[in-house]
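K.L.:
This one is start_29.pdb, PDB, C-alpha atoms, pLDDT in the B column.
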MODEL        1
ATOM      1  CA  MET A  28     -18.922  -6.548 -12.381  1.00 34.00           C
ATOM      2  CA  LEU A  29     -15.176  -7.005 -12.202  1.00 37.00           C
ATOM      3  CA  ALA A  30     -13.480  -8.282 -15.320  1.00 38.00           C
ATOM      4  CA  PRO A  31     -10.710 -10.899 -15.123  1.00 38.00           C
ATOM      5  CA  HIS A  32      -7.143  -9.933 -15.896  1.00 39.00           C
ATOM      6  CA  ALA A  33      -5.163 -11.299 -18.824  1.00 42.00           C
ATOM      7  CA  GLY A  34      -5.072 -15.072 -18.756  1.00 44.00           C
ATOM      8  CA  GLY A  35      -8.614 -15.328 -17.408  1.00 42.00           C
ATOM      9  CA  LYS A  36      -7.677 -15.126 -13.729  1.00 42.00           C
ATOM     10  CA  PHE A  37      -8.040 -12.548 -11.010  1.00 37.00           C
ATOM     11  CA  PRO A  38      -5.010 -11.410  -9.050  1.00 40.00           C
ATOM     12  CA  SER A  39      -4.791 -12.795  -5.542  1.00 39.00           C
ATOM     13  CA  PRO A  40      -5.735 -11.252  -3.237  1.00 41.00           C
ATOM     14  CA  LEU A  41      -8.476  -9.320  -5.016  1.00 42.00           C
ATOM     15  CA  ARG A  42      -8.245  -5.541  -4.827  1.00 46.00           C
ATOM     16  CA  ILE A  43      -8.983  -2.589  -7.070  1.00 49.00           C
ATOM     17  CA  PHE A  44      -7.368   0.694  -6.079  1.00 56.00           C
ATOM     18  CA  GLY A  45      -4.463  -0.296  -3.866  1.00 64.00           C
ATOM     19  CA  LEU A  46      -2.422   2.042  -1.717  1.00 77.00           C
ATOM     20  CA  LYS A  47       1.167   0.911  -1.193  1.00 80.00           C
ATOM     21  CA  GLY A  48       1.476  -0.603   2.258  1.00 82.00           C
ATOM     22  CA  GLU A  49      -2.282  -0.677   2.863  1.00 88.00           C
ATOM     23  CA  ARG A  50      -2.935  -3.541   5.272  1.00 86.00           C
ATOM     24  CA  THR A  51      -6.317  -4.614   3.943  1.00 84.00           C
ATOM     25  CA  ALA A  52      -5.912  -6.267   0.571  1.00 76.00           C
ATOM     26  CA  THR A  53      -9.258  -7.882  -0.245  1.00 85.00           C
ATOM     27  CA  LEU A  54     -12.606  -6.618  -1.476  1.00 90.00           C
ATOM     28  CA  ARG A  55     -14.681  -4.622   0.995  1.00 94.00           C
ATOM     29  CA  TYR A  56     -18.428  -4.426   1.510  1.00 96.00           C
ATOM     30  CA  CYS A  57     -21.060  -2.827   3.724  1.00 97.00           C
ATOM     31  CA  GLU A  58     -23.421  -5.047   5.711  1.00 96.00           C
ATOM     32  CA  GLY A  59     -26.089  -2.348   5.493  1.00 96.00           C
ATOM     33  CA  CYS A  60     -25.921  -2.242   1.691  1.00 96.00           C
ATOM     34  CA  LEU A  61     -25.950  -6.048   1.543  1.00 95.00           C
ATOM     35  CA  ALA A  62     -29.030  -6.314   3.780  1.00 95.00           C
ATOM     36  CA  GLU A  63     -30.781  -3.608   1.774  1.00 96.00           C
ATOM     37  CA  TRP A  64     -30.166  -5.352  -1.549  1.00 95.00           C
ATOM     38  CA  ILE A  65     -31.298  -8.719  -0.217  1.00 94.00           C
ATOM     39  CA  GLY A  66     -34.400  -7.146   1.329  1.00 96.00           C
ATOM     40  CA  LYS A  67     -35.318  -5.628  -2.032  1.00 96.00           C
ATOM     41  CA  HIS A  68     -34.486  -8.860  -3.903  1.00 95.00           C
ATOM     42  CA  GLN A  69     -31.710  -7.079  -5.790  1.00 94.00           C
ATOM     43  CA  THR A  70     -28.403  -8.622  -6.815  1.00 91.00           C
ATOM     44  CA  PRO A  71     -25.608  -7.392  -4.506  1.00 94.00           C
ATOM     45  CA  TYR A  72     -22.531  -5.969  -6.188  1.00 92.00           C
ATOM     46  CA  TRP A  73     -19.127  -4.593  -5.245  1.00 92.00           C
ATOM     47  CA  ARG A  74     -19.437  -0.837  -4.817  1.00 94.00           C
ATOM     48  CA  ILE A  75     -16.441   0.850  -6.440  1.00 92.00           C
ATOM     49  CA  ASP A  76     -16.405   3.623  -3.844  1.00 94.00           C
ATOM     50  CA  HIS A  77     -15.889   0.993  -1.132  1.00 95.00           C
ATOM     51  CA  GLN A  78     -12.714  -0.217  -2.855  1.00 93.00           C
ATOM     52  CA  LEU A  79     -10.975   3.159  -3.103  1.00 93.00           C
ATOM     53  CA  ALA A  80      -7.713   3.613  -1.221  1.00 93.00           C
ATOM     54  CA  GLY A  81      -8.299   4.324   2.457  1.00 95.00           C
ATOM     55  CA  VAL A  82     -12.087   4.001   2.226  1.00 96.00           C
ATOM     56  CA  TYR A  83     -13.271   1.788   5.087  1.00 97.00           C
ATOM     57  CA  CYS A  84     -16.660   3.349   5.763  1.00 97.00           C
ATOM     58  CA  CYS A  85     -19.990   3.359   3.921  1.00 98.00           C
ATOM     59  CA  VAL A  86     -21.197   6.937   3.545  1.00 96.00           C
ATOM     60  CA  LYS A  87     -24.817   5.850   3.079  1.00 96.00           C
ATOM     61  CA  HIS A  88     -25.042   3.710   6.223  1.00 97.00           C
ATOM     62  CA  ALA A  89     -22.292   5.391   8.302  1.00 95.00           C
ATOM     63  CA  CYS A  90     -20.767   2.040   9.231  1.00 96.00           C
ATOM     64  CA  ILE A  91     -17.292   0.529   8.988  1.00 97.00           C
ATOM     65  CA  LEU A  92     -16.847  -1.858   6.061  1.00 97.00           C
ATOM     66  CA  LYS A  93     -16.015  -5.539   6.233  1.00 96.00           C
ATOM     67  CA  SER A  94     -13.217  -7.232   4.302  1.00 93.00           C
ATOM     68  CA  VAL A  95     -13.777 -10.627   2.689  1.00 91.00           C
ATOM     69  CA  LYS A  96     -11.691 -13.535   3.941  1.00 86.00           C
ATOM     70  CA  ARG A  97     -12.917 -16.271   1.641  1.00 69.00           C
ATOM     71  CA  VAL A  98     -10.402 -17.344  -0.980  1.00 61.00           C
ATOM     72  CA  ARG A  99     -11.484 -16.504  -4.507  1.00 56.00           C
ATOM     73  CA  SER A 100     -12.851 -19.322  -6.613  1.00 53.00           C
ATOM     74  CA  GLU A 101     -10.910 -20.422  -9.686  1.00 53.00           C
ATOM     75  CA  ARG A 102     -14.178 -21.680 -11.175  1.00 50.00           C
ATOM     76  CA  TYR A 103     -15.720 -18.246 -11.701  1.00 47.00           C
ATOM     77  CA  PHE A 104     -14.606 -15.130 -13.542  1.00 50.00           C
ATOM     78  CA  ASP A 105     -17.529 -13.293 -11.954  1.00 55.00           C
ATOM     79  CA  GLN A 106     -16.528 -13.025  -8.287  1.00 70.00           C
ATOM     80  CA  THR A 107     -19.913 -11.902  -6.971  1.00 83.00           C
ATOM     81  CA  VAL A 108     -20.550 -10.612  -3.481  1.00 88.00           C
ATOM     82  CA  LEU A 109     -22.597 -13.623  -2.398  1.00 85.00           C
ATOM     83  CA  ARG A 110     -19.864 -16.021  -3.561  1.00 83.00           C
ATOM     84  CA  LEU A 111     -17.195 -14.343  -1.442  1.00 87.00           C
ATOM     85  CA  VAL A 112     -18.810 -12.943   1.717  1.00 91.00           C
ATOM     86  CA  GLY A 113     -18.763 -15.214   4.736  1.00 89.00           C
ATOM     87  CA  THR A 114     -19.378 -15.392   8.467  1.00 90.00           C
ATOM     88  CA  SER A 115     -15.644 -15.151   9.175  1.00 90.00           C
ATOM     89  CA  ASP A 116     -15.361 -11.708   7.534  1.00 94.00           C
ATOM     90  CA  GLU A 117     -14.311  -9.022  10.005  1.00 93.00           C
ATOM     91  CA  VAL A 118     -14.938  -5.315  10.343  1.00 96.00           C
ATOM     92  CA  ILE A 119     -11.784  -3.596   9.090  1.00 96.00           C
ATOM     93  CA  LEU A 120     -11.542  -1.126  11.977  1.00 96.00           C
ATOM     94  CA  GLN A 121     -12.627  -2.274  15.420  1.00 94.00           C
ATOM     95  CA  ARG A 122     -11.333   0.295  17.902  1.00 94.00           C
ATOM     96  CA  VAL A 123     -12.198   3.699  16.446  1.00 96.00           C
ATOM     97  CA  THR A 124     -13.735   6.482  18.511  1.00 97.00           C
ATOM     98  CA  PRO A 125     -16.808   8.413  17.294  1.00 97.00           C
ATOM     99  CA  SER A 126     -14.639  11.383  16.279  1.00 97.00           C
ATOM    100  CA  GLU A 127     -12.224   9.110  14.407  1.00 98.00           C
ATOM    101  CA  GLN A 128     -15.123   7.458  12.593  1.00 98.00           C
ATOM    102  CA  ARG A 129     -16.373  10.873  11.479  1.00 97.00           C
ATOM    103  CA  ALA A 130     -12.927  11.537   9.996  1.00 98.00           C
ATOM    104  CA  ILE A 131     -12.973   8.152   8.237  1.00 98.00           C
ATOM    105  CA  GLU A 132     -16.470   8.852   6.898  1.00 98.00           C
ATOM    106  CA  ASP A 133     -15.212  12.183   5.573  1.00 98.00           C
ATOM    107  CA  ILE A 134     -12.410  10.394   3.710  1.00 97.00           C
ATOM    108  CA  ALA A 135     -15.002   8.085   2.118  1.00 97.00           C
ATOM    109  CA  ARG A 136     -17.205  11.023   1.130  1.00 96.00           C
ATOM    110  CA  ARG A 137     -14.346  13.037  -0.375  1.00 95.00           C
ATOM    111  CA  SER A 138     -12.935  10.003  -2.207  1.00 93.00           C
ATOM    112  CA  GLY A 139     -16.319   9.234  -3.752  1.00 93.00           C
ATOM    113  CA  LEU A 140     -16.761  12.830  -4.888  1.00 91.00           C
ATOM    114  CA  GLN A 141     -13.292  12.931  -6.392  1.00 88.00           C
ATOM    115  CA  ARG A 142     -13.978   9.755  -8.381  1.00 86.00           C
ATOM    116  CA  ALA A 143     -17.445  10.877  -9.493  1.00 85.00           C
ATOM    117  CA  GLU A 144     -16.324  14.361 -10.514  1.00 82.00           C
ATOM    118  CA  ASP A 145     -12.907  13.253 -11.792  1.00 76.00           C
ATOM    119  CA  ARG A 146     -11.352  16.039  -9.728  1.00 69.00           C
ATOM    120  CA  ILE A 147      -7.634  16.645  -9.696  1.00 65.00           C
ATOM    121  CA  CYS A 148      -5.719  17.527  -6.556  1.00 66.00           C
ATOM    122  CA  ARG A 149      -5.757  21.170  -5.564  1.00 75.00           C
ATOM    123  CA  SER A 150      -2.719  23.406  -5.803  1.00 83.00           C
ATOM    124  CA  THR A 151       0.097  23.044  -3.289  1.00 87.00           C
ATOM    125  CA  LYS A 152      -0.413  26.714  -2.405  1.00 89.00           C
ATOM    126  CA  MET A 153      -3.938  25.954  -1.220  1.00 91.00           C
ATOM    127  CA  TYR A 154      -2.625  23.264   1.128  1.00 93.00           C
ATOM    128  CA  ARG A 155       0.108  25.595   2.396  1.00 93.00           C
ATOM    129  CA  ASP A 156      -2.524  28.252   3.079  1.00 94.00           C
ATOM    130  CA  LEU A 157      -4.613  25.740   5.015  1.00 95.00           C
ATOM    131  CA  LEU A 158      -1.559  24.678   7.011  1.00 96.00           C
ATOM    132  CA  ARG A 159      -0.773  28.317   7.768  1.00 95.00           C
ATOM    133  CA  GLU A 160      -4.346  29.023   8.890  1.00 96.00           C
ATOM    134  CA  ALA A 161      -4.170  25.995  11.194  1.00 96.00           C
ATOM    135  CA  GLY A 162      -0.942  27.260  12.765  1.00 96.00           C
ATOM    136  CA  PHE A 163       1.321  24.594  11.267  1.00 97.00           C
ATOM    137  CA  VAL A 164       3.646  27.004   9.423  1.00 95.00           C
ATOM    138  CA  GLN A 165       6.470  28.956  11.043  1.00 93.00           C
ATOM    139  CA  LYS A 166       7.233  32.630  10.367  1.00 90.00           C
ATOM    140  CA  ASN A 167      10.016  31.593   8.002  1.00 90.00           C
ATOM    141  CA  SER A 168       7.392  29.635   5.979  1.00 89.00           C
ATOM    142  CA  ARG A 169       8.716  26.255   7.068  1.00 92.00           C
ATOM    143  CA  ILE A 170       6.093  23.656   7.958  1.00 94.00           C
ATOM    144  CA  LYS A 171       6.006  22.372  11.532  1.00 96.00           C
ATOM    145  CA  HIS A 172       6.315  18.684  10.726  1.00 96.00           C
ATOM    146  CA  ASP A 173       6.173  17.269  14.253  1.00 97.00           C
ATOM    147  CA  ALA A 174       3.125  19.301  15.295  1.00 98.00           C
ATOM    148  CA  THR A 175       1.288  18.514  12.050  1.00 98.00           C
ATOM    149  CA  ILE A 176       1.977  14.782  12.245  1.00 98.00           C
ATOM    150  CA  SER A 177       0.915  14.612  15.897  1.00 98.00           C
ATOM    151  CA  ALA A 178      -2.380  16.389  15.159  1.00 98.00           C
ATOM    152  CA  TRP A 179      -2.850  14.199  12.051  1.00 98.00           C
ATOM    153  CA  PHE A 180      -2.631  11.018  14.130  1.00 98.00           C
ATOM    154  CA  ASP A 181      -4.997  12.471  16.729  1.00 98.00           C
ATOM    155  CA  TYR A 182      -7.538  13.286  14.019  1.00 98.00           C
ATOM    156  CA  PHE A 183      -7.554   9.939  12.191  1.00 98.00           C
ATOM    157  CA  GLY A 184      -6.613   7.673  15.094  1.00 98.00           C
ATOM    158  CA  GLN A 185      -3.816   5.162  15.432  1.00 97.00           C
ATOM    159  CA  GLU A 186      -5.757   2.194  14.030  1.00 97.00           C
ATOM    160  CA  TYR A 187      -6.787   3.905  10.792  1.00 98.00           C
ATOM    161  CA  CYS A 188      -3.290   5.296  10.280  1.00 97.00           C
ATOM    162  CA  HIS A 189      -1.843   1.825  10.847  1.00 96.00           C
ATOM    163  CA  VAL A 190      -4.181   0.058   8.394  1.00 95.00           C
ATOM    164  CA  THR A 191      -3.673   2.689   5.672  1.00 95.00           C
ATOM    165  CA  ASN A 192       0.072   2.795   6.388  1.00 94.00           C
ATOM    166  CA  MET A 193      -0.079   6.535   7.026  1.00 95.00           C
ATOM    167  CA  THR A 194       3.183   6.554   8.920  1.00 96.00           C
ATOM    168  CA  ALA A 195       4.983   9.625  10.196  1.00 97.00           C
ATOM    169  CA  GLY A 196       7.390   9.204   7.293  1.00 95.00           C
ATOM    170  CA  ARG A 197       4.617   9.156   4.695  1.00 94.00           C
ATOM    171  CA  VAL A 198       2.922  12.238   6.137  1.00 96.00           C
ATOM    172  CA  SER A 199       6.305  13.974   6.318  1.00 95.00           C
ATOM    173  CA  LYS A 200       6.976  13.232   2.642  1.00 92.00           C
ATOM    174  CA  TRP A 201       3.574  14.661   1.755  1.00 93.00           C
ATOM    175  CA  LEU A 202       4.429  17.815   3.698  1.00 94.00           C
ATOM    176  CA  ASP A 203       7.780  18.000   1.886  1.00 91.00           C
ATOM    177  CA  ARG A 204       5.859  18.031  -1.375  1.00 88.00           C
ATOM    178  CA  LEU A 205       3.981  21.124  -0.184  1.00 88.00           C
ATOM    179  CA  SER A 206       6.964  22.998   1.200  1.00 79.00           C
ATOM    180  CA  GLU A 207       8.049  26.205  -0.517  1.00 68.00           C
ATOM    181  CA  HIS A 208      11.636  25.170   0.208  1.00 62.00           C
ATOM    182  CA  SER A 209      11.343  21.754  -1.405  1.00 57.00           C
ATOM    183  CA  VAL A 210      13.291  21.495  -4.646  1.00 49.00           C
ATOM    184  CA  ARG A 211      12.288  17.971  -5.539  1.00 50.00           C
ATOM    185  CA  ALA A 212       9.945  15.483  -3.912  1.00 51.00           C
ATOM    186  CA  ALA A 213       8.208  12.344  -5.108  1.00 55.00           C
ATOM    187  CA  CYS A 214       4.511  12.786  -5.892  1.00 60.00           C
ATOM    188  CA  PRO A 215       2.457  11.145  -3.108  1.00 68.00           C
ATOM    189  CA  HIS A 216      -0.550   8.896  -3.710  1.00 80.00           C
ATOM    190  CA  PRO A 217      -3.742  10.974  -4.337  1.00 87.00           C
ATOM    191  CA  PHE A 218      -5.152   9.496  -1.121  1.00 92.00           C
ATOM    192  CA  MET A 219      -2.697  11.620   0.862  1.00 92.00           C
ATOM    193  CA  PHE A 220      -4.135  14.801  -0.627  1.00 92.00           C
ATOM    194  CA  ILE A 221      -7.678  13.664   0.196  1.00 94.00           C
ATOM    195  CA  ALA A 222      -6.591  12.869   3.752  1.00 96.00           C
ATOM    196  CA  GLY A 223      -4.836  16.232   3.940  1.00 96.00           C
ATOM    197  CA  GLU A 224      -7.968  18.084   2.855  1.00 94.00           C
ATOM    198  CA  SER A 225     -10.046  16.253   5.447  1.00 97.00           C
ATOM    199  CA  PHE A 226      -7.516  16.938   8.195  1.00 98.00           C
ATOM    200  CA  LEU A 227      -7.052  20.624   7.402  1.00 96.00           C
ATOM    201  CA  GLU A 228     -10.684  21.486   6.661  1.00 95.00           C
ATOM    202  CA  HIS A 229     -12.389  19.713   9.560  1.00 89.00           C
TER     203      HIS A 229
ENDMDL
END
Can I see the file as structure tokens?

P.N.:
Amino acid sequence: MLAPHAGGKFPSPLRIFGLKGERTATLRYCEGCLAEWIGKHQTPYWRIDHQLAGVYCCVKHACILKSVKRVRSERYFDQTVLRLVGTSDEVILQRVTPSEQRAIEDIARRSGLQRAEDRICRSTKMYRDLLREAGFVQKNSRIKHDATISAWFDYFGQEYCHVTNMTAGRVSKWLDRLSEHSVRAACPHPFMFIAGESFLEH
């Protein structure tokens, strides 16, 4: 269960592993998992893997997650699933194509594995090699930003990129981090490396 922060209160809105600019800020859950727990008379709980940055799909049930709308209760430290889920909760992504959903499922799978195995991001050289194999690197070793970003948006879809705040600028900064010609670049959120792996290895 989630533990309260200092002072005995949860932050509002509730979230665990936030990504700056991410447009869904509350706890997420899978209707399939919820139905399964209730059917087996088990106590539902918040799955950590469903709260990871950019994870909007349940790998087990291959369905898009819902985000809770109900305001947290000040009466309880233990914000259980059944206290917060409601009929007004909405599916986070509503207009994804089958191919986009497969990409989103892959993000969820890779994120869960990274958390479970405590993996660190791969070397920048590996990502450059993948970009080169995909035809996104010029002969002078410079990355083709526009072509990469366009293909990135096609792979994940506009809605997912919007909700995760994967803008052209954010993807471009991630590519700058990988560039052989980059002298200094801010370290992107680990989610960007997971998304990059999914995009380049699909």

K.L.:
Applying 10 Å and only C-alpha atoms, which residues near Thr194 in chain A remain after dropping the ones on its own chain fewer than 6 positions away? List them as a VMD selection string.

P.N.:
chain A and resid 48 176 180 185 188 200

K.L.:
So, counting all atoms listed in the file, which residue among A:Glu228, A:Thr70, A:Ile119, A:Val95 is closest to His189 in chain A?

P.N.:
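When distances to His189 in chain A are compared using all atoms listed in the file, the smallest one comes from A:Ile119.
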
K.L.:
Do a neighbour search on Ala174 in chain A at 12 Å with all atoms listed in the file, toss out local chain neighbours closer than 3 positions, and write the hits as a tab-separated table (two decimals) with C-alpha atoms, in the frame of the given file.

P.N.:
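As a result, out02.tsv now contains:
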chain	number	residue	atom	x	y	z
A	158	LEU	CA	-1.56	24.68	7.01
A	161	ALA	CA	-4.17	26.00	11.19
A	162	GLY	CA	-0.94	27.26	12.76
A	163	PHE	CA	1.32	24.59	11.27
A	164	VAL	CA	3.65	27.00	9.42
A	165	GLN	CA	6.47	28.96	11.04
A	170	ILE	CA	6.09	23.66	7.96
A	171	LYS	CA	6.01	22.37	11.53
A	177	SER	CA	0.92	14.61	15.90
A	178	ALA	CA	-2.38	16.39	15.16
A	179	TRP	CA	-2.85	14.20	12.05
A	180	PHE	CA	-2.63	11.02	14.13
A	181	ASP	CA	-5.00	12.47	16.73
A	195	ALA	CA	4.98	9.62	10.20
A	198	VAL	CA	2.92	12.24	6.14
A	199	SER	CA	6.30	13.97	6.32
A	202	LEU	CA	4.43	17.82	3.70

K.L.:
Can you work out which one of A:Cys90, A:Ala143, A:Leu111, A:Cys57 has the shortest atom-to-atom distance to Arg74 in chain A, counting all atoms listed in the file?

P.N.:
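Between A:Cys90, A:Ala143, A:Leu111, A:Cys57, the residue approaching Arg74 in chain A most closely is A:Cys57.
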
K.L.:
Please tell me which residues are no farther than 12 Å from (-13.4, 3.3, 12.2) in the file, counting all atoms listed in the file, and write them as an NGL selection string.

P.N.:
:A and (81-85 or 89-93 or 118-135 or 182-191)

K.L.:
I need the residues from that last selection saved to file as a PDB file, in the frame of the given file (with C-alpha atoms), if you can.

P.N.:
ATOM      1  CA  GLY A  81      -8.299   4.324   2.457  1.00 95.00           C
ATOM      2  CA  VAL A  82     -12.087   4.001   2.226  1.00 96.00           C
ATOM      3  CA  TYR A  83     -13.271   1.788   5.087  1.00 97.00           C
ATOM      4  CA  CYS A  84     -16.660   3.349   5.763  1.00 97.00           C
ATOM      5  CA  CYS A  85     -19.990   3.359   3.921  1.00 98.00           C
ATOM      6  CA  ALA A  89     -22.292   5.391   8.302  1.00 95.00           C
ATOM      7  CA  CYS A  90     -20.767   2.040   9.231  1.00 96.00           C
ATOM      8  CA  ILE A  91     -17.292   0.529   8.988  1.00 97.00           C
ATOM      9  CA  LEU A  92     -16.847  -1.858   6.061  1.00 97.00           C
ATOM     10  CA  LYS A  93     -16.015  -5.539   6.233  1.00 96.00           C
ATOM     11  CA  VAL A 118     -14.938  -5.315  10.343  1.00 96.00           C
ATOM     12  CA  ILE A 119     -11.784  -3.596   9.090  1.00 96.00           C
ATOM     13  CA  LEU A 120     -11.542  -1.126  11.977  1.00 96.00           C
ATOM     14  CA  GLN A 121     -12.627  -2.274  15.420  1.00 94.00           C
ATOM     15  CA  ARG A 122     -11.333   0.295  17.902  1.00 94.00           C
ATOM     16  CA  VAL A 123     -12.198   3.699  16.446  1.00 96.00           C
ATOM     17  CA  THR A 124     -13.735   6.482  18.511  1.00 97.00           C
ATOM     18  CA  PRO A 125     -16.808   8.413  17.294  1.00 97.00           C
ATOM     19  CA  SER A 126     -14.639  11.383  16.279  1.00 97.00           C
ATOM     20  CA  GLU A 127     -12.224   9.110  14.407  1.00 98.00           C
ATOM     21  CA  GLN A 128     -15.123   7.458  12.593  1.00 98.00           C
ATOM     22  CA  ARG A 129     -16.373  10.873  11.479  1.00 97.00           C
ATOM     23  CA  ALA A 130     -12.927  11.537   9.996  1.00 98.00           C
ATOM     24  CA  ILE A 131     -12.973   8.152   8.237  1.00 98.00           C
ATOM     25  CA  GLU A 132     -16.470   8.852   6.898  1.00 98.00           C
ATOM     26  CA  ASP A 133     -15.212  12.183   5.573  1.00 98.00           C
ATOM     27  CA  ILE A 134     -12.410  10.394   3.710  1.00 97.00           C
ATOM     28  CA  ALA A 135     -15.002   8.085   2.118  1.00 97.00           C
ATOM     29  CA  TYR A 182      -7.538  13.286  14.019  1.00 98.00           C
ATOM     30  CA  PHE A 183      -7.554   9.939  12.191  1.00 98.00           C
ATOM     31  CA  GLY A 184      -6.613   7.673  15.094  1.00 98.00           C
ATOM     32  CA  GLN A 185      -3.816   5.162  15.432  1.00 97.00           C
ATOM     33  CA  GLU A 186      -5.757   2.194  14.030  1.00 97.00           C
ATOM     34  CA  TYR A 187      -6.787   3.905  10.792  1.00 98.00           C
ATOM     35  CA  CYS A 188      -3.290   5.296  10.280  1.00 97.00           C
ATOM     36  CA  HIS A 189      -1.843   1.825  10.847  1.00 96.00           C
ATOM     37  CA  VAL A 190      -4.181   0.058   8.394  1.00 95.00           C
ATOM     38  CA  THR A 191      -3.673   2.689   5.672  1.00 95.00           C
TER      39      THR A 191
END

K.L.:
Of the candidates A:Ser206, A:Asn167, A:Thr53, A:Gln78, which one gets nearest to Met153 in chain A if we count only C-alpha atoms?

P.N.:
A:Ser206

K.L.:
Tell me, in Å to one decimal, how far CA of Asp203 in chain A is from CA of Thr51 in chain A.

P.N.:
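Atom-to-atom, CA of Asp203 in chain A to CA of Thr51 in chain A, that is 26.7 Å.
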
K.L.:
Can you give me, as a list of chain:residue names, the residues this file yields under the PyMOL selection byres ((chain A and resi 55) around 6)?

P.N.:
A:Leu54, A:Tyr56, A:Lys93, A:Ser94

K.L.:
In Å to one decimal, how far is CA of Glu224 in chain A from CA of Leu157 in chain A?

P.N.:
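One can read the CA of Leu157 in chain A to CA of Glu224 in chain A distance as 8.6 Å.
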
K.L.:
Using only C-alpha atoms, can you tell me which of A:Glu49, A:Glu58, A:His216, A:Ser138 comes closest to Asp116 in chain A?

P.N.:
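Using only C-alpha atoms, the shortest distance to Asp116 in chain A belongs to A:Glu58.
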
K.L.:
Could you tell me how far CA of Gly196 in chain A lies from CA of Pro217 in chain A, in Å and to one decimal?

P.N.:
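Calculated distance between CA of Gly196 in chain A and CA of Pro217 in chain A is 16.2 Å.
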
K.L.:
What residues come out when you apply the PyMOL selection byres ((chain A and resi 142) around 12) to this file, written as a PyMOL selection string?

P.N.:
chain A and resi 44+75-80+135-141+143-148+217-218+221

K.L.:
I would like the residues chosen by the PyMOL selection byres ((chain A and resi 114) around 10) on the shown file; could you give them as JSON, numbers by chain?

P.N.:
{"A": [95, 96, 97, 112, 113, 115, 116, 117]}

K.L.:
Give me the residues within 12 Å of Glu63 in chain A as a ChimeraX atom specification, counting only C-alpha atoms and dropping any in the same chain fewer than 6 places off.

P.N.:
/A:57,69-72,87-88

K.L.:
Taking every listed atom of range 181-192 of chain A and adding 8 Å to each side, what centre and edge lengths in Å (one decimal) does the axis-aligned box have, as JSON?

P.N.:
{"center_x": -3.7, "center_y": 6.7, "center_z": 11.2, "size_x": 23.6, "size_y": 29.2, "size_z": 27.1}

K.L.:
Missing atoms in range 54-58 of chain A: fill them in up to all heavy atoms and send the result as a tab-separated table (two decimals), in the coordinates of the input.

P.N.:
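As written to disk, selection30.tsv reads:
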chain	number	residue	atom	x	y	z
A	54	LEU	N	-11.42	-7.42	-1.19
A	54	LEU	CA	-12.61	-6.62	-1.48
A	54	LEU	C	-13.38	-6.29	-0.20
A	54	LEU	O	-13.44	-7.09	0.73
A	54	LEU	CB	-13.51	-7.36	-2.46
A	54	LEU	CG	-12.97	-7.44	-3.90
A	54	LEU	CD1	-13.76	-8.45	-4.70
A	54	LEU	CD2	-13.01	-6.08	-4.57
A	55	ARG	N	-13.97	-5.11	-0.19
A	55	ARG	CA	-14.68	-4.62	1.00
A	55	ARG	C	-16.17	-4.43	0.68
A	55	ARG	O	-16.54	-4.12	-0.45
A	55	ARG	CB	-14.06	-3.30	1.45
A	55	ARG	CG	-12.56	-3.40	1.67
A	55	ARG	CD	-11.98	-2.16	2.29
A	55	ARG	NE	-11.82	-1.04	1.38
A	55	ARG	CZ	-10.69	-0.74	0.76
A	55	ARG	NH1	-9.63	-1.50	0.90
A	55	ARG	NH2	-10.62	0.32	-0.02
A	56	TYR	N	-16.99	-4.59	1.71
A	56	TYR	CA	-18.43	-4.43	1.51
A	56	TYR	C	-19.08	-3.91	2.78
A	56	TYR	O	-18.52	-3.99	3.88
A	56	TYR	CB	-19.08	-5.75	1.09
A	56	TYR	CG	-19.05	-6.83	2.14
A	56	TYR	CD1	-20.13	-7.04	2.99
A	56	TYR	CD2	-17.93	-7.66	2.29
A	56	TYR	CE1	-20.10	-8.04	3.96
A	56	TYR	CE2	-17.89	-8.66	3.24
A	56	TYR	CZ	-18.98	-8.85	4.08
A	56	TYR	OH	-18.95	-9.83	5.04
A	57	CYS	N	-20.28	-3.37	2.61
A	57	CYS	CA	-21.06	-2.83	3.72
A	57	CYS	C	-22.21	-3.78	4.04
A	57	CYS	O	-22.97	-4.17	3.15
A	57	CYS	CB	-21.61	-1.45	3.33
A	57	CYS	SG	-22.91	-0.82	4.43
A	58	GLU	N	-22.33	-4.15	5.31
A	58	GLU	CA	-23.42	-5.05	5.71
A	58	GLU	C	-24.78	-4.38	5.51
A	58	GLU	O	-25.77	-5.05	5.20
A	58	GLU	CB	-23.25	-5.45	7.17
A	58	GLU	CG	-22.15	-6.48	7.40
A	58	GLU	CD	-22.15	-7.00	8.81
A	58	GLU	OE1	-22.01	-6.18	9.75
A	58	GLU	OE2	-22.29	-8.22	9.00
